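Q: Sharing protein-v1.csv (CSV, C-alpha atoms and all ligand atoms) below.
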```
chain,number,residue,atom,x,y,z
A,13,MET,CA,-21.2,63.0,1.4
A,14,ARG,CA,-20.1,59.7,2.8
A,15,ALA,CA,-20.0,59.7,6.6
A,16,VAL,CA,-17.4,56.9,7.1
A,17,SER,CA,-15.3,55.3,4.4
A,18,SER,CA,-14.3,51.7,4.2
A,19,GLU,CA,-10.9,50.8,5.7
A,20,ILE,CA,-10.2,48.4,2.9
A,21,PHE,CA,-12.5,48.9,-0.1
A,22,ALA,CA,-12.3,51.6,-2.8
A,23,PRO,CA,-14.9,54.4,-2.4
A,24,GLY,CA,-18.1,53.8,-4.2
A,25,LEU,CA,-17.7,50.0,-4.5
A,26,LEU,CA,-21.4,49.5,-3.8
A,27,ASP,CA,-22.8,52.9,-4.9
A,28,GLY,CA,-26.4,52.7,-6.0
A,29,GLN,CA,-27.1,49.3,-4.4
A,30,ALA,CA,-30.0,48.6,-2.0
A,31,ALA,CA,-29.4,45.9,0.6
A,32,LEU,CA,-31.5,44.2,3.2
A,33,VAL,CA,-29.8,42.9,6.3
A,34,THR,CA,-32.0,40.7,8.5
A,35,GLY,CA,-30.9,40.8,12.2
A,36,GLY,CA,-29.2,44.1,11.1
A,37,GLY,CA,-29.8,45.8,14.5
A,38,THR,CA,-27.1,43.9,16.4
A,39,GLY,CA,-23.8,42.2,16.2
A,40,LEU,CA,-22.6,40.8,12.9
A,41,GLY,CA,-25.6,42.2,11.0
A,42,ARG,CA,-25.0,45.7,12.3
A,43,ALA,CA,-21.3,45.5,11.4
A,44,ALA,CA,-22.2,44.2,7.9
A,45,ALA,CA,-24.7,47.0,7.5
A,46,ALA,CA,-22.1,49.6,8.5
A,47,GLU,CA,-19.6,48.3,6.0
A,48,LEU,CA,-22.1,48.1,3.2
A,49,ILE,CA,-23.0,51.7,3.9
A,50,ALA,CA,-19.3,52.7,4.0
A,51,CYS,CA,-19.1,51.1,0.5
A,52,GLY,CA,-22.0,53.3,-0.8
A,53,ALA,CA,-25.1,51.0,-0.3
A,54,GLN,CA,-28.4,52.0,1.1
A,55,VAL,CA,-29.4,49.5,3.8
A,56,VAL,CA,-32.6,48.4,5.4
A,57,LEU,CA,-32.2,46.7,8.8
A,58,ALA,CA,-34.8,44.1,9.7
A,59,GLY,CA,-35.5,42.5,13.0
A,60,ARG,CA,-38.3,42.0,15.6
A,61,ARG,CA,-37.4,44.8,18.0
A,62,ALA,CA,-38.1,48.2,16.6
A,63,GLU,CA,-36.1,50.1,19.3
A,64,VAL,CA,-33.0,48.1,18.6
A,65,LEU,CA,-33.3,48.7,14.9
A,66,GLU,CA,-33.9,52.4,15.4
A,67,ALA,CA,-30.9,52.8,17.7
A,68,THR,CA,-28.7,51.1,15.1
A,69,ALA,CA,-30.1,53.2,12.2
A,70,ALA,CA,-29.4,56.4,14.2
A,71,ARG,CA,-25.8,55.2,14.7
A,72,LEU,CA,-25.3,54.3,11.0
A,73,GLY,CA,-26.8,57.5,9.6
A,74,PRO,CA,-29.3,58.3,6.8
A,75,ALA,CA,-28.3,55.4,4.5
A,76,ALA,CA,-29.8,53.1,7.1
A,77,THR,CA,-33.5,52.6,7.6
A,78,THR,CA,-35.5,50.0,9.3
A,79,ALA,CA,-38.3,47.4,8.7
A,80,THR,CA,-39.6,45.6,11.8
A,81,GLY,CA,-40.9,42.0,11.6
A,82,ASP,CA,-40.3,38.4,12.3
A,83,ILE,CA,-38.8,36.5,9.4
A,84,ARG,CA,-40.7,33.3,10.5
A,85,VAL,CA,-44.1,35.0,9.9
A,86,ASP,CA,-45.0,35.1,6.3
A,87,ASP,CA,-46.9,38.4,6.4
A,88,ASP,CA,-43.9,40.0,8.2
A,89,ALA,CA,-41.4,38.6,5.7
A,90,GLU,CA,-43.5,39.9,2.8
A,91,ARG,CA,-43.9,43.3,4.4
A,92,ILE,CA,-40.1,43.6,5.0
A,93,VAL,CA,-39.3,43.0,1.4
A,94,ALA,CA,-42.1,45.2,0.2
A,95,THR,CA,-40.8,48.0,2.4
A,96,VAL,CA,-37.4,47.8,0.8
A,97,LEU,CA,-38.9,48.0,-2.7
A,98,GLU,CA,-41.2,50.9,-1.8
A,99,ARG,CA,-38.2,52.8,-0.3
A,100,HIS,CA,-35.5,52.0,-2.9
A,101,GLY,CA,-37.3,50.5,-5.9
A,102,ARG,CA,-34.7,47.7,-6.0
A,103,LEU,CA,-33.1,45.0,-3.8
A,104,ASP,CA,-29.6,44.1,-4.9
A,105,LEU,CA,-28.4,42.3,-1.8
A,106,LEU,CA,-30.1,40.2,0.8
A,107,VAL,CA,-28.0,39.3,3.8
A,108,ASN,CA,-29.8,36.4,5.5
A,109,ASN,CA,-28.1,37.1,8.9
A,110,ALA,CA,-31.0,36.6,11.4
A,111,GLY,CA,-30.6,33.3,13.1
A,112,GLY,CA,-29.4,31.5,16.2
A,113,GLN,CA,-30.0,28.8,18.7
A,114,TYR,CA,-29.7,28.1,22.4
A,115,PHE,CA,-26.8,26.1,24.0
A,116,VAL,CA,-27.9,22.6,24.9
A,117,PRO,CA,-26.5,19.0,24.8
A,118,ALA,CA,-27.8,17.1,21.8
A,119,GLU,CA,-29.7,14.5,23.8
A,120,ALA,CA,-31.6,17.2,25.7
A,121,ILE,CA,-33.0,19.0,22.7
A,122,ALA,CA,-36.8,19.1,23.1
A,123,THR,CA,-39.0,18.7,20.0
A,124,ARG,CA,-40.2,22.3,20.3
A,125,GLY,CA,-36.6,23.5,20.6
A,126,TRP,CA,-35.6,21.6,17.5
A,127,GLN,CA,-38.5,23.0,15.6
A,128,ALA,CA,-37.8,26.6,16.8
A,129,VAL,CA,-34.2,26.4,15.6
A,130,MET,CA,-35.2,24.9,12.2
A,131,ARG,CA,-38.1,27.4,11.8
A,132,LEU,CA,-35.8,30.4,12.3
A,133,ASN,CA,-32.6,29.3,10.6
A,134,VAL,CA,-34.0,27.2,7.7
A,135,GLY,CA,-37.6,28.4,7.4
A,136,GLY,CA,-37.0,32.1,7.8
A,137,THR,CA,-33.9,32.1,5.6
A,138,THR,CA,-35.7,30.2,2.9
A,139,ARG,CA,-38.8,32.5,2.9
A,140,MET,CA,-36.6,35.6,2.8
A,141,ALA,CA,-34.6,34.3,-0.1
A,142,GLU,CA,-37.7,33.2,-2.0
A,143,LEU,CA,-39.4,36.6,-1.5
A,144,ALA,CA,-36.2,38.5,-2.5
A,145,VAL,CA,-36.0,36.5,-5.7
A,146,GLU,CA,-39.7,36.6,-6.7
A,147,ARG,CA,-40.4,40.2,-5.9
A,148,ALA,CA,-37.1,41.9,-6.7
A,149,MET,CA,-34.1,40.0,-8.1
A,150,ARG,CA,-35.7,37.8,-10.8
A,151,PRO,CA,-37.6,40.8,-12.3
A,152,ALA,CA,-34.4,42.8,-12.2
A,153,GLY,CA,-32.3,40.0,-13.7
A,154,ARG,CA,-29.8,40.5,-11.0
A,155,GLY,CA,-29.1,40.1,-7.3
A,156,THR,CA,-26.9,38.6,-4.6
A,157,ILE,CA,-28.0,36.6,-1.5
A,158,VAL,CA,-25.6,35.9,1.3
A,159,ASN,CA,-26.7,33.3,3.9
A,160,VAL,CA,-24.9,33.4,7.2
A,161,THR,CA,-24.2,29.9,8.6
A,162,LEU,CA,-21.9,28.4,11.2
A,163,SER,CA,-18.5,26.9,11.4
A,164,PRO,CA,-17.2,24.3,12.5
A,165,HIS,CA,-18.9,22.0,10.0
A,166,HIS,CA,-18.0,18.8,11.7
A,167,GLY,CA,-20.7,19.3,14.4
A,168,LEU,CA,-20.7,21.6,17.4
A,169,ALA,CA,-21.3,20.1,20.8
A,170,GLY,CA,-24.1,22.2,22.4
A,171,MET,CA,-25.4,23.4,19.1
A,172,THR,CA,-26.2,20.3,17.1
A,173,HIS,CA,-29.6,21.6,16.2
A,174,SER,CA,-28.0,24.7,14.7
A,175,SER,CA,-25.3,22.6,13.0
A,176,ALA,CA,-28.0,20.6,11.3
A,177,ALA,CA,-30.0,23.7,10.4
A,178,ARG,CA,-26.9,25.5,9.0
A,179,ALA,CA,-26.0,22.4,7.0
A,180,ALA,CA,-29.4,22.6,5.4
A,181,VAL,CA,-28.9,26.2,4.6
A,182,GLU,CA,-25.5,25.5,3.0
A,183,SER,CA,-27.1,22.8,0.9
A,184,LEU,CA,-29.9,25.1,-0.1
A,185,THR,CA,-27.3,27.7,-1.0
A,186,ARG,CA,-25.7,25.4,-3.5
A,187,ALA,CA,-29.1,24.4,-4.9
A,188,TRP,CA,-30.4,28.0,-5.2
A,189,ALA,CA,-27.1,29.1,-6.8
A,190,GLU,CA,-27.7,26.5,-9.6
A,191,ARG,CA,-31.4,27.1,-9.8
A,192,TRP,CA,-31.2,30.9,-10.0
A,193,ALA,CA,-28.0,31.3,-12.0
A,194,GLY,CA,-30.1,31.9,-15.1
A,195,ASP,CA,-31.9,34.8,-13.4
A,196,GLY,CA,-28.6,36.6,-12.7
A,197,ILE,CA,-28.7,35.8,-9.0
A,198,ALA,CA,-25.7,34.8,-7.0
A,199,VAL,CA,-26.1,32.8,-3.7
A,200,ILE,CA,-23.2,32.4,-1.3
A,201,ALA,CA,-23.0,31.2,2.3
A,202,VAL,CA,-20.6,32.6,4.9
A,203,ALA,CA,-19.8,30.1,7.6
A,204,ALA,CA,-18.9,32.2,10.5
A,205,GLY,CA,-16.7,30.8,13.3
A,206,HIS,CA,-16.7,32.3,16.8
A,207,PHE,CA,-17.2,36.1,16.7
A,208,GLN,CA,-17.0,38.7,19.4
A,209,THR,CA,-20.6,40.0,19.5
A,210,ASP,CA,-22.9,40.7,22.5
A,211,ALA,CA,-24.8,37.5,21.7
A,212,LEU,CA,-22.0,35.5,23.3
A,213,ASP,CA,-23.1,36.9,26.7
A,214,LYS,CA,-26.0,34.5,26.7
A,215,TYR,CA,-23.9,31.4,26.7
A,216,PRO,CA,-22.9,29.5,29.8
A,217,ALA,CA,-19.8,31.0,31.5
A,218,PRO,CA,-17.5,28.0,30.8
A,219,VAL,CA,-18.4,28.3,27.1
A,220,ARG,CA,-17.9,32.1,27.0
A,221,GLU,CA,-14.6,31.8,28.8
A,222,SER,CA,-13.1,29.1,26.7
A,223,VAL,CA,-14.5,29.9,23.2
A,224,ALA,CA,-11.5,31.8,21.9
A,225,ARG,CA,-9.2,28.9,22.9
A,226,MET,CA,-11.1,26.7,20.5
A,227,VAL,CA,-10.0,28.8,17.6
A,228,PRO,CA,-6.5,27.9,16.3
A,229,LEU,CA,-6.0,31.6,15.6
A,230,GLN,CA,-6.4,32.0,19.4
A,231,ARG,CA,-8.9,34.9,19.2
A,232,LEU,CA,-12.5,35.5,18.4
A,233,GLY,CA,-13.3,36.9,15.0
A,234,GLN,CA,-14.0,40.6,14.9
A,235,PRO,CA,-17.4,41.7,13.4
A,236,ARG,CA,-15.6,44.0,11.0
A,237,GLU,CA,-13.8,41.1,9.4
A,238,HIS,CA,-17.1,39.4,8.8
A,239,ALA,CA,-18.4,42.6,7.4
A,240,TRP,CA,-15.6,43.0,5.0
A,241,LEU,CA,-16.4,39.5,3.6
A,242,VAL,CA,-20.0,40.4,3.2
A,243,ALA,CA,-19.1,43.6,1.3
A,244,LEU,CA,-16.7,41.7,-0.9
A,245,LEU,CA,-19.4,39.2,-1.8
A,246,ALA,CA,-21.8,42.0,-2.6
A,247,SER,CA,-19.2,43.2,-5.2
A,248,GLU,CA,-18.7,41.8,-8.7
A,249,LEU,CA,-16.5,39.0,-7.2
A,250,GLY,CA,-19.5,37.6,-5.4
A,251,ARG,CA,-21.0,36.6,-8.7
A,252,SER,CA,-18.3,34.1,-9.5
A,253,LEU,CA,-18.4,32.8,-6.0
A,254,SER,CA,-22.0,31.8,-6.3
A,255,GLY,CA,-22.7,28.3,-4.9
A,256,SER,CA,-19.7,28.5,-2.5
A,257,VAL,CA,-19.6,28.3,1.2
A,258,VAL,CA,-16.9,30.7,2.4
A,259,THR,CA,-15.6,29.8,5.8
A,260,LEU,CA,-14.4,32.7,8.0
A,261,ASP,CA,-13.3,31.1,11.2
A,262,GLY,CA,-9.6,31.4,12.1
A,263,ALA,CA,-9.1,27.7,11.2
A,264,ARG,CA,-11.8,26.5,13.6
A,265,ASP,CA,-13.1,24.1,11.1
A,266,ASN,CA,-9.8,22.2,11.1
A,267,TRP,CA,-9.7,21.5,14.8
A,268,CYS,CA,-12.4,20.3,17.2
A,269,GLY,CA,-10.7,20.8,20.6
A,270,PRO,CA,-8.8,23.5,22.4
A,271,TRP,CA,-5.8,24.8,20.5
A,272,PRO,CA,-3.1,23.8,20.9
A,273,PRO,CA,-4.3,20.4,22.0
A,274,PRO,CA,-3.0,20.1,25.6
A,275,ALA,CA,-1.8,16.5,25.2
A,276,ILE,CA,0.7,17.4,22.5
A,277,THR,CA,2.2,20.7,23.8
A,278,ASP,CA,5.7,21.0,25.2
A,279,ASP,CA,6.5,22.6,28.6
A,280,GLY,CA,6.2,26.0,27.1
A,281,GLY,CA,2.7,25.3,25.8
A,282,ASP,CA,3.9,25.2,22.2
A,283,VAL,CA,3.1,22.5,19.6
A,284,PRO,CA,6.3,20.4,19.0
A,285,VAL,CA,7.8,20.2,15.6
A,286,GLU,CA,9.3,17.0,14.3
A,287,GLU,CA,13.0,16.8,13.8
A,288,ARG,CA,14.2,17.0,10.3
A,289,ARG,CA,16.1,14.1,8.8
A,290,PRO,CA,19.8,14.9,8.4
A,291,ALA,CA,20.4,16.5,5.0
A,292,ALA,CA,22.4,13.6,3.8
A,293,THR,CA,19.4,11.2,4.0
A,294,ARG,CA,16.9,13.6,2.4
B,301,LIG,C1,-18.7,21.6,24.8
B,301,LIG,C2,-18.4,22.2,23.5
B,301,LIG,C3,-18.2,23.6,23.5
B,301,LIG,C4,-18.5,24.2,22.1
B,301,LIG,C5,-18.7,25.7,22.4
B,301,LIG,C6,-19.0,26.5,21.2
B,301,LIG,C7,-19.4,27.8,21.5
B,301,LIG,C8,-19.7,28.6,20.4
B,301,LIG,C9,-20.3,30.0,20.6
B,301,LIG,C10,-20.0,30.9,19.5
B,301,LIG,C11,-20.9,30.6,18.3
B,301,LIG,C12,-22.0,31.5,18.2
B,301,LIG,C13,-23.0,31.3,17.4
B,301,LIG,C14,-24.2,32.2,17.4
B,301,LIG,O1,-25.1,31.9,16.6
B,301,LIG,S1,-24.3,33.6,18.3
B,301,LIG,C15,-25.9,34.3,18.0
B,301,LIG,C16,-26.9,33.9,19.0
B,301,LIG,N1,-28.1,34.5,18.8
B,301,LIG,C17,-29.3,33.9,18.9
B,301,LIG,O2,-29.3,32.7,19.2
B,301,LIG,C18,-30.5,34.7,18.7
B,301,LIG,C19,-31.7,34.0,18.2
B,301,LIG,N2,-32.0,32.9,19.0
B,301,LIG,C20,-33.3,32.7,19.4
B,301,LIG,O3,-34.2,33.5,19.1
B,301,LIG,C21,-33.7,31.4,20.2
B,301,LIG,O4,-32.5,30.8,20.7
B,301,LIG,C22,-34.5,30.4,19.4
B,301,LIG,C23,-33.7,30.0,18.2
B,301,LIG,C24,-34.7,29.2,20.3
B,301,LIG,C25,-35.8,30.9,18.9
B,301,LIG,O5,-36.6,31.4,20.0
B,301,LIG,P1,-38.2,31.2,20.0
B,301,LIG,O6,-38.7,32.5,20.6
B,301,LIG,O7,-38.8,30.7,18.8
B,301,LIG,O8,-38.3,30.0,20.9
B,301,LIG,P2,-38.9,29.9,22.4
B,301,LIG,O9,-38.1,30.7,23.3
B,301,LIG,O10,-40.4,30.1,22.3
B,301,LIG,O11,-38.6,28.3,22.7
B,301,LIG,C26,-39.1,27.3,21.9
B,301,LIG,C27,-38.6,26.0,22.4
B,301,LIG,O12,-37.2,26.0,22.3
B,301,LIG,C28,-36.6,25.4,23.5
B,301,LIG,N3,-35.8,26.3,24.1
B,301,LIG,C29,-35.6,27.6,23.8
B,301,LIG,N4,-34.7,28.2,24.6
B,301,LIG,C30,-34.2,27.3,25.4
B,301,LIG,C31,-33.2,27.2,26.4
B,301,LIG,N5,-32.5,28.3,26.7
B,301,LIG,N6,-33.0,26.1,27.1
B,301,LIG,C32,-33.8,25.0,26.8
B,301,LIG,N7,-34.7,24.9,25.8
B,301,LIG,C33,-34.9,26.1,25.2
B,301,LIG,C34,-37.8,24.9,24.3
B,301,LIG,O13,-38.1,23.6,23.9
B,301,LIG,C35,-38.9,25.8,23.9
B,301,LIG,O14,-40.1,25.3,24.0
B,301,LIG,P3,-41.0,25.5,25.4
B,301,LIG,O15,-41.2,27.0,25.5
B,301,LIG,O16,-42.3,24.8,25.2
B,301,LIG,O17,-40.1,25.0,26.5
B,302,LIG,N1,-21.4,35.6,17.0
B,302,LIG,C1,-20.9,34.4,16.5
B,302,LIG,O1,-19.9,33.9,17.0
B,302,LIG,C2,-21.6,33.7,15.4
B,302,LIG,C3,-22.8,34.1,14.9
B,302,LIG,N2,-23.4,33.4,13.8
B,302,LIG,C4,-24.7,33.8,13.3
B,302,LIG,O2,-24.6,35.1,12.8
B,302,LIG,C5,-25.8,35.7,12.9
B,302,LIG,C6,-25.7,37.0,13.7
B,302,LIG,O3,-25.2,36.6,15.0
B,302,LIG,P1,-24.8,37.7,16.2
B,302,LIG,O4,-24.9,39.0,15.6
B,302,LIG,O5,-23.7,37.2,16.9
B,302,LIG,O6,-26.1,37.4,17.1
B,302,LIG,P2,-27.4,38.2,17.5
B,302,LIG,O7,-28.2,37.4,18.4
B,302,LIG,O8,-27.0,39.6,17.9
B,302,LIG,O9,-28.1,38.3,16.1
B,302,LIG,C7,-29.3,37.8,15.8
B,302,LIG,C8,-30.2,38.9,15.1
B,302,LIG,O10,-31.2,38.3,14.4
B,302,LIG,C9,-32.5,38.9,14.8
B,302,LIG,N3,-33.5,37.9,14.8
B,302,LIG,C10,-33.6,36.8,15.6
B,302,LIG,N4,-34.7,36.1,15.3
B,302,LIG,C11,-35.3,36.8,14.4
B,302,LIG,C12,-36.6,36.7,13.7
B,302,LIG,N5,-37.4,35.6,14.0
B,302,LIG,N6,-37.0,37.6,12.8
B,302,LIG,C13,-36.2,38.6,12.5
B,302,LIG,N7,-35.0,38.9,13.1
B,302,LIG,C14,-34.6,38.0,14.0
B,302,LIG,C15,-32.2,39.5,16.2
B,302,LIG,O11,-33.0,40.7,16.4
B,302,LIG,P3,-34.4,40.6,17.1
B,302,LIG,O12,-34.2,39.8,18.4
B,302,LIG,O13,-34.7,42.1,17.4
B,302,LIG,O14,-35.3,40.0,16.2
B,302,LIG,C16,-30.7,39.9,16.1
B,302,LIG,O15,-30.6,41.2,15.5
B,302,LIG,C17,-26.8,34.7,13.5
B,302,LIG,O16,-27.4,34.0,12.5
B,302,LIG,C18,-25.8,33.8,14.3
B,302,LIG,O17,-26.3,32.5,14.5
B,302,LIG,C19,-22.8,32.3,13.3
B,302,LIG,C20,-21.6,31.9,13.8
B,302,LIG,C21,-21.0,32.5,14.9
```
Let me see the structure of the file written as structure tokens.
A:
Amino acid sequence: MRAVSSEIFAPGLLDGQAALVTGGGTGLGRAAAAELIACGAQVVLAGRRAEVLEATAARLGPAATTATGDIRVDDDAERIVATVLERHGRLDLLVNNAGGQYFVPAEAIATRGWQAVMRLNVGGTTRMAELAVERAMRPAGRGTIVNVTLSPHHGLAGMTHSSAARAAVESLTRAWAERWAGDGIAVIAVAAGHFQTDALDKYPAPVRESVARMVPLQRLGQPREHAWLVALLASELGRSLSGSVVTLDGARDNWCGPWPPPAITDDGGDVPVEERRPAATR
């Protein structure tokens, strides 16, 4: 019996599927795992901290199990994928969600910091994708990989190392989609804007306090919204979206300052609208 059903998808949308969600113990990964389970999938949560994974698995119920490891370490990455196959005999969906960075001005990024961000976001994501394809998806002739990246795409002050890393992942997404199409494998990137997860607590106070104002929608994204998109991409529709970067960001990509821009607002704080020409001159 299904413990919790999806709020928006038909029951059984992902029945029989086995999914691996890296970084599945927290935030966006946990929300994605919960929605995949609500749609009928079995989910393996991967991450470095066993206790975090176990707590999430207990919360999500018997369809969730765990595999501890560091996606940057080849032996760990191999063991995580092997665990999924031993447990379920298949891997239909890899959500490459584990990733991140630290907040720092571009000119202050140390070489080791740049390398750490690249190793996690590009190296770890690449290795997990390769292993999923080699060990499970190509032999099965089918699979879907969802790579979580970052919006805005026009550069993000304080996270330029991550912007560069995620641009690389989006480029790889397009290349993999083309390369693996003949193997029945779909590859899609989800460029997440600013979402309300516990991870935001680590950012400097002025960033935390103003981040929602940088989103034209004027609020942070909710993890369940991201999770719905991941479930949709795991469905049949994901196959024809292969090679795409789907941006889920409340229009953040379209504006790079606070919204509305203070310089153009009227006394009430609203964006002014131009006057229409008189009807006779239109
Ligand atoms: C003004 C413009 C405003 C724009 C505001 C936008 C705000 C947007 C916020 C919302 C968007 C949210 C996006 C998210 O992604 S939230 C998810 C966040 N989660 C994570 O980041 C988790 C994963 N992150 C990490 O594990 C680490 O950050 C890291 C990627 C660095 C990997 O850690 P690792 O353990 O490999 O690295 P080390 O700690 O060993 O460090 C290696 C070197 O990295 C440098 N470093 C690391 N941390 C810092 C720091 N806090 N400050 C400065 N330098 C740092 C450093 O060079 C390390 O080398 P050394 O140890 O030799 O010093
Ligand atoms: N929240 C937001 O606004 C946005 C988030 N994103 C991205 O979405 C993803 C999830 O973010 P969010 O949930 O907010 O943040 P979290 O920091 O909660 O998620 C990161 C997850 O990845 C895991 N992880 C980190 N490094 C490794 C590693 N080397 N090997 C295995 N697992 C690892 C962490 O678990 P553990 O430490 O136990 O290993 C954690 O569960 C990240 O890629 C993030 O950059 C993108 C845009 C916006």
Q: Within 6 Å of ligand LIG 301 (chain B) (counting all atoms listed in the file), which residues show up? I'd like them as a PyMOL selection string.
A: chain A and resi 111-114+122+124-125+128-129+168-170+206+211-212+219+223
Q: Output as a Markdown table one row per residue of segment 121-207 of chain A within 12 Å of segment 20-42 of chain A: the closest atom pair and its distance in Å to one decimal place, counting only C-alpha atoms, sorted by chain and residue number ascending.
A:
```
| residue | atom | partner | partner_atom | distance |
| --- | --- | --- | --- | --- |
| A:Leu132 | CA | A:Gly35 | CA | 11.5 |
| A:Asn133 | CA | A:Thr34 | CA | 11.6 |
| A:Gly136 | CA | A:Thr34 | CA | 10.0 |
| A:Thr137 | CA | A:Thr34 | CA | 9.3 |
| A:Met140 | CA | A:Thr34 | CA | 8.9 |
| A:Ala141 | CA | A:Leu32 | CA | 10.9 |
| A:Leu143 | CA | A:Leu32 | CA | 11.9 |
| A:Ala144 | CA | A:Leu32 | CA | 9.3 |
| A:Ala148 | CA | A:Ala30 | CA | 10.8 |
| A:Met149 | CA | A:Ala30 | CA | 11.3 |
| A:Arg154 | CA | A:Gln29 | CA | 11.3 |
| A:Gly155 | CA | A:Ala31 | CA | 9.8 |
| A:Thr156 | CA | A:Ala31 | CA | 9.3 |
| A:Ile157 | CA | A:Leu32 | CA | 9.6 |
| A:Val158 | CA | A:Val33 | CA | 9.6 |
| A:Asn159 | CA | A:Thr34 | CA | 10.2 |
| A:Val160 | CA | A:Gly41 | CA | 9.6 |
| A:Thr161 | CA | A:Leu40 | CA | 11.8 |
| A:Val202 | CA | A:Leu40 | CA | 11.6 |
| A:Ala204 | CA | A:Leu40 | CA | 9.7 |
| A:Gly205 | CA | A:Leu40 | CA | 11.6 |
| A:His206 | CA | A:Leu40 | CA | 11.1 |
| A:Phe207 | CA | A:Leu40 | CA | 8.1 |
```
Q: Report the closest atom pair, with its distance in Å rounded to one decimal, for each residue of segment 19-61 of chain A that has an atom no farther than 6 Å from segment 76-93 of chain A; count all atoms listed in the file, sort by chain and then rising residue number, and write it as CSV.
A:
```
residue,atom,partner,partner_atom,distance
A:Val55,CA,A:Ala76,CA,4.9
A:Val56,CA,A:Thr77,CA,4.8
A:Leu57,CA,A:Thr78,CA,4.7
A:Ala58,CA,A:Ala79,CA,4.9
A:Gly59,CA,A:Thr80,CA,5.3
A:Arg60,CA,A:Gly81,CA,4.8
```
Q: Given the selection you just returned, output its residues as a file containing C-alpha atoms, formatted as an mmCIF file, keeping the file's coordinate frame.
A:
```cif
data_model
loop_
_atom_site.group_PDB
_atom_site.id
_atom_site.type_symbol
_atom_site.label_atom_id
_atom_site.label_comp_id
_atom_site.auth_asym_id
_atom_site.auth_seq_id
_atom_site.Cartn_x
_atom_site.Cartn_y
_atom_site.Cartn_z
ATOM 1 C CA VAL A 55 -29.400 49.500 3.800
ATOM 2 C CA VAL A 56 -32.600 48.400 5.400
ATOM 3 C CA LEU A 57 -32.200 46.700 8.800
ATOM 4 C CA ALA A 58 -34.800 44.100 9.700
ATOM 5 C CA GLY A 59 -35.500 42.500 13.000
ATOM 6 C CA ARG A 60 -38.300 42.000 15.600
#
```
Q: Mind checking which residues fall within 8 Å of Ala203 of chain A, counting all atoms listed in the file, ignoring those fewer than 2 positions away in the same chain, and posting them as a PyMOL selection string?
A: chain A and resi 160-163+201+205+257-261
Q: Name the closest residue to Glu47 of chain A among the candidates A:Ala292, A:Leu241, A:Val64, A:Ala176; distances are taken between atoms, counting all atoms listed in the file.
A: A:Leu241
Q: Please identify all polymer residues lying at most 6 Å from the point (-22.8, 42.8, 6.9) (file coordinates), using all atoms listed in the file, and present the result as a PyMOL selection string.
A: chain A and resi 41+43-45+239+242
Q: Can you list, as a list in words, every protein, DNA or RNA residue that comes within 12 Å of Gly281 of chain A when you count only C-alpha atoms, leaving out same-chain residues fewer than 6 positions away?
A: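 Result of the neighbour search: Trp271, Pro272, Pro273, Pro274 and Ala275 of chain A.
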Q: Counting only C-alpha atoms and all ligand atoms, which residue out of A:Gly250, A:Gly255, A:Pro284, A:Pro164 sits closest to ligand LIG 302 (chain B)?
A: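 Of A:Gly250, A:Gly255, A:Pro284, A:Pro164, the one nearest ligand LIG 302 (chain B), counting only C-alpha atoms and all ligand atoms, is A:Pro164.
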